[in-house]
>>> print(open('run.pdb').read())   # PDB, C-alpha atoms, pLDDT in the B column
MODEL        1
ATOM      1  CA  MET H1247     128.815  77.865 156.353  1.00 52.00           C
ATOM      2  CA  THR H1248     129.198  75.162 158.908  1.00 54.00           C
ATOM      3  CA  ARG H1249     128.621  71.510 158.342  1.00 55.00           C
ATOM      4  CA  ASN H1250     125.366  71.554 160.374  1.00 56.00           C
ATOM      5  CA  ASN H1251     123.805  74.266 158.160  1.00 55.00           C
ATOM      6  CA  LYS H1252     124.638  72.302 155.010  1.00 55.00           C
ATOM      7  CA  MET H1253     122.772  69.304 156.418  1.00 53.00           C
ATOM      8  CA  ALA H1254     119.755  71.380 157.499  1.00 54.00           C
ATOM      9  CA  TRP H1255     118.711  72.425 153.985  1.00 51.00           C
ATOM     10  CA  PRO H1256     118.211  68.892 152.639  1.00 57.00           C
ATOM     11  CA  LEU H1257     116.205  68.025 155.747  1.00 54.00           C
ATOM     12  CA  ARG H1258     113.997  71.112 155.347  1.00 59.00           C
ATOM     13  CA  GLY H1259     113.493  70.298 151.677  1.00 56.00           C
ATOM     14  CA  ARG H1260     112.350  66.796 152.606  1.00 60.00           C
ATOM     15  CA  ALA H1261     109.946  68.254 155.149  1.00 56.00           C
ATOM     16  CA  PHE H1262     108.421  70.550 152.507  1.00 57.00           C
ATOM     17  CA  VAL H1263     108.095  67.686 150.038  1.00 57.00           C
ATOM     18  CA  GLY H1264     106.532  65.496 152.764  1.00 57.00           C
ATOM     19  CA  ALA H1265     104.049  68.230 153.698  1.00 58.00           C
ATOM     20  CA  GLY H1266     103.148  68.707 150.036  1.00 55.00           C
ATOM     21  CA  LEU H1267     102.578  64.979 149.557  1.00 54.00           C
ATOM     22  CA  LEU H1268     100.441  64.840 152.691  1.00 53.00           C
ATOM     23  CA  ALA H1269      98.329  67.749 151.412  1.00 54.00           C
ATOM     24  CA  LEU H1270      97.822  66.012 148.055  1.00 49.00           C
ATOM     25  CA  MET H1271      96.894  62.705 149.659  1.00 52.00           C
ATOM     26  CA  THR H1272      94.324  64.234 152.006  1.00 51.00           C
ATOM     27  CA  ALA H1273      92.771  66.507 149.373  1.00 50.00           C
ATOM     28  CA  GLY H1274      90.563  63.625 148.192  1.00 50.00           C
ATOM     29  CA  CYS H1275      89.134  63.259 151.690  1.00 50.00           C
ATOM     30  CA  ALA H1276      87.637  66.742 151.818  1.00 44.00           C
ATOM     31  CA  HIS H1277      84.065  65.396 151.887  1.00 42.00           C
ATOM     32  CA  TYR H1278      84.747  62.565 154.319  1.00 45.00           C
ATOM     33  CA  HIS H1279      82.735  62.763 157.529  1.00 45.00           C
ATOM     34  CA  LEU H1280      83.869  61.210 160.751  1.00 52.00           C
ATOM     35  CA  GLY H1281      80.766  59.639 162.265  1.00 59.00           C
ATOM     36  CA  SER H1282      77.346  59.808 160.680  1.00 70.00           C
ATOM     37  CA  SER H1283      75.750  62.589 158.693  1.00 81.00           C
ATOM     38  CA  VAL H1284      72.264  61.398 159.716  1.00 86.00           C
ATOM     39  CA  PRO H1285      70.802  63.954 162.149  1.00 88.00           C
ATOM     40  CA  PRO H1286      70.509  62.495 165.674  1.00 90.00           C
ATOM     41  CA  GLU H1287      66.735  63.041 165.757  1.00 92.00           C
ATOM     42  CA  LYS H1288      66.381  60.867 162.609  1.00 92.00           C
ATOM     43  CA  ARG H1289      68.349  57.859 163.848  1.00 93.00           C
ATOM     44  CA  THR H1290      65.415  55.721 164.992  1.00 96.00           C
ATOM     45  CA  ILE H1291      63.705  53.560 162.409  1.00 97.00           C
ATOM     46  CA  SER H1292      60.943  50.986 162.273  1.00 97.00           C
ATOM     47  CA  VAL H1293      60.775  48.220 159.698  1.00 97.00           C
ATOM     48  CA  PRO H1294      57.272  46.743 159.384  1.00 97.00           C
ATOM     49  CA  VAL H1295      56.969  43.438 157.549  1.00 97.00           C
ATOM     50  CA  PHE H1296      57.342  43.973 153.805  1.00 98.00           C
ATOM     51  CA  VAL H1297      54.379  43.193 151.566  1.00 98.00           C
ATOM     52  CA  ASN H1298      54.909  40.097 149.423  1.00 97.00           C
ATOM     53  CA  ALA H1299      53.814  40.524 145.805  1.00 97.00           C
ATOM     54  CA  SER H1300      56.470  38.166 144.453  1.00 95.00           C
ATOM     55  CA  GLY H1301      54.681  34.841 144.700  1.00 92.00           C
ATOM     56  CA  GLN H1302      57.706  33.456 146.564  1.00 93.00           C
ATOM     57  CA  PRO H1303      56.597  32.096 149.957  1.00 92.00           C
ATOM     58  CA  GLU H1304      58.363  33.640 152.974  1.00 93.00           C
ATOM     59  CA  ALA H1305      60.118  36.322 150.883  1.00 96.00           C
ATOM     60  CA  GLU H1306      58.552  39.169 152.877  1.00 97.00           C
ATOM     61  CA  VAL H1307      59.653  37.686 156.210  1.00 97.00           C
ATOM     62  CA  LEU H1308      63.206  36.987 155.059  1.00 97.00           C
ATOM     63  CA  VAL H1309      63.651  40.432 153.511  1.00 98.00           C
ATOM     64  CA  THR H1310      62.266  42.156 156.621  1.00 98.00           C
ATOM     65  CA  GLN H1311      64.582  40.139 158.886  1.00 98.00           C
ATOM     66  CA  ALA H1312      67.558  40.868 156.635  1.00 98.00           C
ATOM     67  CA  VAL H1313      66.855  44.625 156.620  1.00 98.00           C
ATOM     68  CA  LEU H1314      66.548  44.664 160.420  1.00 98.00           C
ATOM     69  CA  SER H1315      69.798  42.704 160.778  1.00 97.00           C
ATOM     70  CA  GLU H1316      71.628  44.985 158.368  1.00 97.00           C
ATOM     71  CA  PHE H1317      70.489  48.140 160.192  1.00 96.00           C
ATOM     72  CA  ARG H1318      71.743  46.605 163.442  1.00 97.00           C
ATOM     73  CA  ARG H1319      75.054  45.617 161.851  1.00 96.00           C
ATOM     74  CA  GLU H1320      75.629  49.014 160.210  1.00 94.00           C
ATOM     75  CA  GLY H1321      74.933  50.786 163.500  1.00 93.00           C
ATOM     76  CA  THR H1322      73.876  54.305 162.453  1.00 93.00           C
ATOM     77  CA  MET H1323      70.142  53.760 162.857  1.00 94.00           C
ATOM     78  CA  HIS H1324      68.504  52.249 165.921  1.00 95.00           C
ATOM     79  CA  ILE H1325      65.530  49.937 165.553  1.00 97.00           C
ATOM     80  CA  ALA H1326      62.460  51.291 167.337  1.00 96.00           C
ATOM     81  CA  SER H1327      58.768  50.491 167.551  1.00 95.00           C
ATOM     82  CA  HIS H1328      56.385  52.009 165.037  1.00 93.00           C
ATOM     83  CA  ASP H1329      55.131  54.488 167.661  1.00 94.00           C
ATOM     84  CA  THR H1330      58.550  55.825 168.702  1.00 95.00           C
ATOM     85  CA  ALA H1331      60.548  55.722 165.450  1.00 96.00           C
ATOM     86  CA  ALA H1332      61.348  58.886 163.523  1.00 96.00           C
ATOM     87  CA  LEU H1333      61.572  57.013 160.206  1.00 96.00           C
ATOM     88  CA  GLU H1334      59.854  54.000 158.697  1.00 97.00           C
ATOM     89  CA  VAL H1335      60.895  51.656 155.903  1.00 97.00           C
ATOM     90  CA  ILE H1336      58.018  50.804 153.589  1.00 97.00           C
ATOM     91  CA  GLY H1337      58.760  47.847 151.346  1.00 97.00           C
ATOM     92  CA  ARG H1338      57.113  45.528 148.895  1.00 98.00           C
ATOM     93  CA  VAL H1339      58.852  42.412 147.542  1.00 98.00           C
ATOM     94  CA  THR H1340      57.962  42.419 143.855  1.00 97.00           C
ATOM     95  CA  GLY H1341      59.841  39.526 142.320  1.00 96.00           C
ATOM     96  CA  CYS H1342      61.978  36.453 142.717  1.00 95.00           C
ATOM     97  CA  THR H1343      63.537  35.135 139.531  1.00 94.00           C
ATOM     98  CA  LEU H1344      65.920  32.329 138.704  1.00 90.00           C
ATOM     99  CA  THR H1345      68.313  32.419 135.800  1.00 88.00           C
ATOM    100  CA  ALA H1346      70.116  29.268 134.700  1.00 84.00           C
ATOM    101  CA  LEU H1347      73.852  29.904 134.570  1.00 86.00           C
ATOM    102  CA  ARG H1348      75.477  26.548 133.963  1.00 85.00           C
ATOM    103  CA  ASN H1349      74.414  23.116 132.827  1.00 83.00           C
ATOM    104  CA  ASP H1350      75.892  19.755 133.741  1.00 83.00           C
ATOM    105  CA  HIS H1351      78.710  18.875 131.352  1.00 83.00           C
ATOM    106  CA  ASP H1352      77.603  15.269 130.936  1.00 87.00           C
ATOM    107  CA  ARG H1353      73.848  15.966 130.982  1.00 84.00           C
ATOM    108  CA  PRO H1354      73.330  19.326 129.242  1.00 82.00           C
ATOM    109  CA  TYR H1355      69.583  19.351 129.971  1.00 82.00           C
ATOM    110  CA  ILE H1356      70.295  19.510 133.738  1.00 82.00           C
ATOM    111  CA  VAL H1357      70.962  22.964 135.212  1.00 83.00           C
ATOM    112  CA  VAL H1358      73.514  22.875 138.039  1.00 82.00           C
ATOM    113  CA  GLU H1359      73.968  26.576 138.809  1.00 87.00           C
ATOM    114  CA  TYR H1360      71.447  29.408 139.095  1.00 86.00           C
ATOM    115  CA  ARG H1361      71.319  33.114 139.883  1.00 92.00           C
ATOM    116  CA  MET H1362      68.483  34.181 142.138  1.00 92.00           C
ATOM    117  CA  GLU H1363      67.382  37.818 141.959  1.00 96.00           C
ATOM    118  CA  LEU H1364      65.053  39.196 144.570  1.00 96.00           C
ATOM    119  CA  THR H1365      63.508  42.616 143.863  1.00 97.00           C
ATOM    120  CA  ALA H1366      61.626  45.034 146.079  1.00 97.00           C
ATOM    121  CA  ASP H1367      60.227  48.552 145.940  1.00 97.00           C
ATOM    122  CA  VAL H1368      61.413  50.476 148.983  1.00 97.00           C
ATOM    123  CA  LYS H1369      61.064  53.966 150.401  1.00 96.00           C
ATOM    124  CA  VAL H1370      61.847  55.491 153.778  1.00 96.00           C
ATOM    125  CA  VAL H1371      59.418  58.042 155.152  1.00 96.00           C
ATOM    126  CA  GLU H1372      59.499  60.452 158.035  1.00 95.00           C
ATOM    127  CA  ARG H1373      56.721  59.201 160.309  1.00 94.00           C
ATOM    128  CA  ALA H1374      55.633  62.610 161.592  1.00 92.00           C
ATOM    129  CA  THR H1375      55.182  64.211 158.168  1.00 94.00           C
ATOM    130  CA  GLY H1376      54.972  61.329 155.693  1.00 93.00           C
ATOM    131  CA  LYS H1377      57.771  62.966 153.702  1.00 95.00           C
ATOM    132  CA  VAL H1378      59.958  60.553 151.730  1.00 94.00           C
ATOM    133  CA  VAL H1379      63.520  60.980 153.030  1.00 92.00           C
ATOM    134  CA  ALA H1380      65.149  58.127 151.108  1.00 90.00           C
ATOM    135  CA  ASN H1381      63.850  56.534 147.974  1.00 90.00           C
ATOM    136  CA  PRO H1382      65.953  53.547 146.966  1.00 87.00           C
ATOM    137  CA  GLY H1383      63.111  52.614 144.580  1.00 90.00           C
ATOM    138  CA  LYS H1384      63.510  49.244 142.886  1.00 95.00           C
ATOM    139  CA  VAL H1385      66.192  47.360 144.792  1.00 96.00           C
ATOM    140  CA  THR H1386      67.724  44.060 143.752  1.00 96.00           C
ATOM    141  CA  GLY H1387      69.580  41.466 145.773  1.00 96.00           C
ATOM    142  CA  GLN H1388      71.113  38.393 144.253  1.00 96.00           C
ATOM    143  CA  THR H1389      73.008  35.220 144.954  1.00 93.00           C
ATOM    144  CA  ILE H1390      74.400  32.378 142.902  1.00 91.00           C
ATOM    145  CA  PHE H1391      73.824  28.808 144.000  1.00 88.00           C
ATOM    146  CA  ARG H1392      74.403  25.259 142.844  1.00 87.00           C
ATOM    147  CA  THR H1393      71.641  22.686 142.861  1.00 84.00           C
ATOM    148  CA  GLU H1394      72.959  20.180 145.392  1.00 69.00           C
ATOM    149  CA  ALA H1395      69.820  18.163 145.991  1.00 69.00           C
ATOM    150  CA  ASP H1396      66.509  19.228 144.562  1.00 81.00           C
ATOM    151  CA  LEU H1397      65.838  22.727 143.222  1.00 81.00           C
ATOM    152  CA  ALA H1398      63.161  23.572 145.802  1.00 81.00           C
ATOM    153  CA  THR H1399      65.532  22.923 148.728  1.00 84.00           C
ATOM    154  CA  THR H1400      68.494  24.813 147.286  1.00 83.00           C
ATOM    155  CA  LYS H1401      66.240  27.686 146.226  1.00 85.00           C
ATOM    156  CA  HIS H1402      64.880  27.858 149.786  1.00 85.00           C
ATOM    157  CA  ASP H1403      68.462  27.913 151.115  1.00 89.00           C
ATOM    158  CA  ALA H1404      69.501  30.668 148.673  1.00 92.00           C
ATOM    159  CA  LEU H1405      66.610  33.013 149.465  1.00 95.00           C
ATOM    160  CA  PRO H1406      68.097  34.392 152.740  1.00 96.00           C
ATOM    161  CA  ARG H1407      71.382  35.216 150.946  1.00 96.00           C
ATOM    162  CA  ALA H1408      69.558  37.167 148.227  1.00 97.00           C
ATOM    163  CA  ALA H1409      67.538  38.937 150.937  1.00 97.00           C
ATOM    164  CA  ALA H1410      70.740  39.881 152.787  1.00 97.00           C
ATOM    165  CA  ASP H1411      72.214  41.306 149.570  1.00 97.00           C
ATOM    166  CA  LEU H1412      69.041  43.344 148.992  1.00 97.00           C
ATOM    167  CA  ALA H1413      69.113  44.580 152.610  1.00 97.00           C
ATOM    168  CA  LYS H1414      72.631  45.997 152.179  1.00 97.00           C
ATOM    169  CA  VAL H1415      71.380  48.243 149.381  1.00 96.00           C
ATOM    170  CA  VAL H1416      68.355  49.390 151.407  1.00 96.00           C
ATOM    171  CA  VAL H1417      70.489  50.329 154.422  1.00 95.00           C
ATOM    172  CA  ARG H1418      73.236  51.952 152.318  1.00 94.00           C
ATOM    173  CA  ASP H1419      70.713  54.115 150.486  1.00 93.00           C
ATOM    174  CA  THR H1420      68.859  55.014 153.688  1.00 93.00           C
ATOM    175  CA  VAL H1421      71.955  56.096 155.614  1.00 92.00           C
ATOM    176  CA  GLY H1422      73.413  57.694 152.477  1.00 90.00           C
ATOM    177  CA  ALA H1423      70.375  59.925 151.960  1.00 86.00           C
ATOM    178  CA  TRP H1424      72.003  62.594 154.153  1.00 77.00           C
ATOM    179  CA  TRP H1425      75.393  62.706 152.371  1.00 71.00           C
TER     180      TRP H1425
ENDMDL
END
>>> encode(input="run.pdb", output="structure tokens")
Amino acid sequence: MTRNNKMAWPLRGRAFVGAGLLALMTAGCAHYHLGSSVPPEKRTISVPVFVNASGQPEAEVLVTQAVLSEFRREGTMHIASHDTAALEVIGRVTGCTLTALRNDHDRPYIVVEYRMELTADVKVVERATGKVVANPGKVTGQTIFRTEADLATTKHDALPRAAADLAKVVVRDTVGAWW
């Protein structure tokens, strides 16, 4: 056996081991889709203003804007008018709650940090048939904020962040309905 043949076997062995490792690493990606699994004819969506049953002023406007922004950012669905969209998001803001998280060390009766939870009932329907194609159901968005000035001002500033968090869930569940 020549010197070159002796060197070839270790190289071939490494190639087999490398191929085996590659096969094991990609086995977990068997269900991964390149691109979107949403059918092309279902990629237009309208988002009418949510109904506000939360008692929190402006919640319906902020949630609607956040959902529209998140659909644009995610990019699978295209925003369309009510008349031309294949799908429609139907939403109702149902609650806005504050939970005290931390009190001032020197003045324990003063709350300095809160969690805001914004909840909504959401479903996505096919406009032509009325069939529910995605049903996220009760969706929650939240944010944590410190009371810098007065509670009303900081609560007003925190509301868009909670709405944006809620919107991420709505869009994820809508696009994920076809997985």
>>> residues_around(input="run.pdb", residues="H:Val1307", least_positions_apart="4", cutoff="8 Å", atoms="all atoms listed in the file", output="PDB file with C-alpha atoms, in the frame of the given file")
ATOM      1  CA  VAL H1295      56.969  43.438 157.549  1.00 97.00           C
ATOM      2  CA  PHE H1296      57.342  43.973 153.805  1.00 98.00           C
ATOM      3  CA  GLN H1311      64.582  40.139 158.886  1.00 98.00           C
TER       4      GLN H1311
END
>>> residues_around(input="run.pdb", residues="H:Gly1422", least_positions_apart="4", cutoff="10 Å", atoms="all atoms listed in the file", output="list of chain:residue names")
H:Ser1282, H:Ser1283, H:Val1284, H:Ala1380, H:Val1416, H:Val1417, H:Arg1418
>>> write_last_selection(input="run.pdb", atoms="C-alpha atoms", output="PDB file, in the coordinates of the input")
ATOM      1  CA  SER H1282      77.346  59.808 160.680  1.00 70.00           C
ATOM      2  CA  SER H1283      75.750  62.589 158.693  1.00 81.00           C
ATOM      3  CA  VAL H1284      72.264  61.398 159.716  1.00 86.00           C
ATOM      4  CA  ALA H1380      65.149  58.127 151.108  1.00 90.00           C
ATOM      5  CA  VAL H1416      68.355  49.390 151.407  1.00 96.00           C
ATOM      6  CA  VAL H1417      70.489  50.329 154.422  1.00 95.00           C
ATOM      7  CA  ARG H1418      73.236  51.952 152.318  1.00 94.00           C
TER       8      ARG H1418
END
>>> resolve_selection(input="run.pdb", expression="the PyMOL selection byres ((chain H and resi 1387) around 12)", output="count of residues only")
35
>>> atom_distance(input="run.pdb", atom1="atom CA of H:Val1378", atom2="atom CA of H:Leu1333")
9.3 Å
>>> atom_distance(input="run.pdb", atom1="atom CA of H:Val1421", atom2="atom CA of H:Met1323")
7.8 Å
>>> atom_distance(input="run.pdb", atom1="atom CA of H:Thr1345", atom2="atom CA of H:Pro1382")
24.0 Å
>>> closest_residue(input="run.pdb", among="H:Thr1310, H:Ser1300, H:Gly1321, H:Glu1334", to="H:Gly1376", atoms="all atoms listed in the file")
H:Glu1334
>>> axis_aligned_box(input="run.pdb", around="stretch 1379-1395 of chain H", padding_each_side="4 Å", output="AutoDock Vina command-line options")
--center_x 68.8 --center_y 39.6 --center_z 147.9 --size_x 19.3 --size_y 50.8 --size_z 18.2
>>> residues_near_point(input="run.pdb", point="(64.4, 51.0, 155.6)", cutoff="8 Å", atoms="all atoms listed in the file", output="list of chain:residue names")
H:Ile1291, H:Ser1292, H:Val1293, H:Val1313, H:Glu1334, H:Val1335, H:Ile1336, H:Gly1337, H:Val1368, H:Lys1369, H:Val1370, H:Val1416, H:Val1417, H:Thr1420
>>> closest_residue(input="run.pdb", among="H:Pro1286, H:Arg1373, H:Ala1346, H:Val1358", to="H:Ser1327", atoms="all atoms listed in the file")
H:Arg1373
>>> closest_residue(input="run.pdb", among="H:Leu1308, H:Val1297, H:Leu1344, H:Ala1398", to="H:Tyr1360", atoms="all atoms listed in the file")
H:Leu1344
